[in-house]
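Structure first, commentary second.
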Amino acid sequence: MNSRFRKIKRFLERENFDGFTQKDLFIKNFMPNAWGQDIAALSNMAEALRNLGINANDCTRKVADLNTLKDLLSNVVKYAVHPTVNPWKKPIEKVSDFNHYGYYLEHLNIILGCYQQVVDDRHFELNERITQYLAHESLIQPNAHARLIPHIKMRWSADQAAIIYSLWLFDQNNGTHYHVDPKERWINYMITQGKHPETGLFVTEVMKTKRYSMQPRGCSHAYMCYYMEHFAPGAASEQWALFNEHMSIERLGLFGYREYLPGYKGKWTPDSGPIVFGIGVAATGLALKPMRVWGVENQWHPGRLLRSARCLNGLFNFLSFTPFFGRFFLLGCDMLATSILLAAETTDQKYI
């Protein structure tokens, strides 16, 4: 854990941040757009620092003093609203119309909620404005899913879970109730219209824009279960059990999660990462956070998967320095992967 914390600390203490580079994010080696992985990385950093910050007196988890953690969280906010990261490419205080950028806003709202939990309410007005916007965007849609990107029809169930989690986090911090109606409408929609008939797993994308839309996908489902466990623990526990029943896999001594059900022929995407022996890299990495809360009965202990992830992260980090091929190994050790792993390492039931 200490090595990942130090890596994130170095990143957040850059004197002149001007956006994520090819060394920071694997995806930027192949396309100039970060596909939202920059704000997702910062969101996971914020959760990890929050977890450490609210337990700064726990000697078993103390990797930095509270003031250092507060400074780092302040820099997460600074990076998140930077014109190279925000979709409007200008100072966020000058943005009068959020224009349906729900994906970016869900993660920024999580960052602001984590900041308030540990530091102060300096960003309360922006946090409240985004919360009100996302709640309204969720409630006006017949399928209870807020729009994620302007001019893009696709809406992932996992992102709506993240949106509701961000509202829940604001409510927890401020004694409000913004998440309640969006949560109830979304859960009702998913139970009545958003279940995969053969497995009972929630489907991936509700607008049916992709061939895989009505299929469960590993990277989406693991992501969704973690956020759901905060605001809808009953439904989340049920989905987590079904996820382990239908998507867990063991091959050649490797343990992980499928990206697709066994009967579905799907290819890897920038969301899934590589699929190795049927194991989805993103699905397995993202499952670390819910596994730290619930574990898996009658299968491997959560610590076993976490140890495997740590070993792979360390190996990829070492190989990323090799000439020419190094950039390919960034997939398992870039700022997104490192932030997800640190968030998982610092997550368990008493932090929820």
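Residues are named by chain letter and number: chains run A, B, ... in the order of the structure tokens, numbers start at 1 in each chain, and ligands are numbered from 1 in the order shown.
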
Using only C-alpha atoms, tabulate the residues of range 32-140 of chain A lying at most 9 Å from any atom of range 175-180 of chain A, each with its closest atom pair and that distance in Å to one decimal, by chain and increasing residue number, as JSON lines.
```
{"residue": "A:Thr131", "atom": "CA", "partner": "A:Tyr178", "partner_atom": "CA", "distance": 7.4}
{"residue": "A:Gln132", "atom": "CA", "partner": "A:Tyr178", "partner_atom": "CA", "distance": 7.3}
{"residue": "A:Ala135", "atom": "CA", "partner": "A:Tyr178", "partner_atom": "CA", "distance": 6.5}
```

Output of the above residues as a PDB file, in the first residue's frame, restricted to N, CA and C atoms:
```pdb
ATOM      1  N   THR A 131     -25.024  18.325  -7.175  1.00  0.00           N
ATOM      2  CA  THR A 131     -25.974  17.379  -6.584  1.00  0.00           C
ATOM      3  C   THR A 131     -27.390  17.661  -7.059  1.00  0.00           C
ATOM      4  N   GLN A 132     -27.807  18.912  -7.017  1.00  0.00           N
ATOM      5  CA  GLN A 132     -29.149  19.277  -7.476  1.00  0.00           C
ATOM      6  C   GLN A 132     -29.323  18.973  -8.965  1.00  0.00           C
ATOM      7  N   ALA A 135     -29.509  15.089  -9.476  1.00  0.00           N
ATOM      8  CA  ALA A 135     -30.794  14.577  -8.992  1.00  0.00           C
ATOM      9  C   ALA A 135     -31.904  14.900  -9.991  1.00  0.00           C
TER      10      ALA A 135
END
```

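Checking A:Glu205, A:Asp120, A:Glu15, A:Glu47 one by one against Trp156 in chain A, counting only C-alpha atoms, you find the shortest gap at A:Glu205.
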
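Nearest residue to Lys23 in chain A, choosing from A:Ala48, A:Leu342, A:Leu69, A:Met335 and counting only C-alpha atoms: A:Met335.
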
Just list the residues in range 29-249 of chain A DSSP gives strand (DSSP E or B) on the backbone, as JSON, numbers by chain.
{"A": [156, 195, 202, 205, 248, 249]}
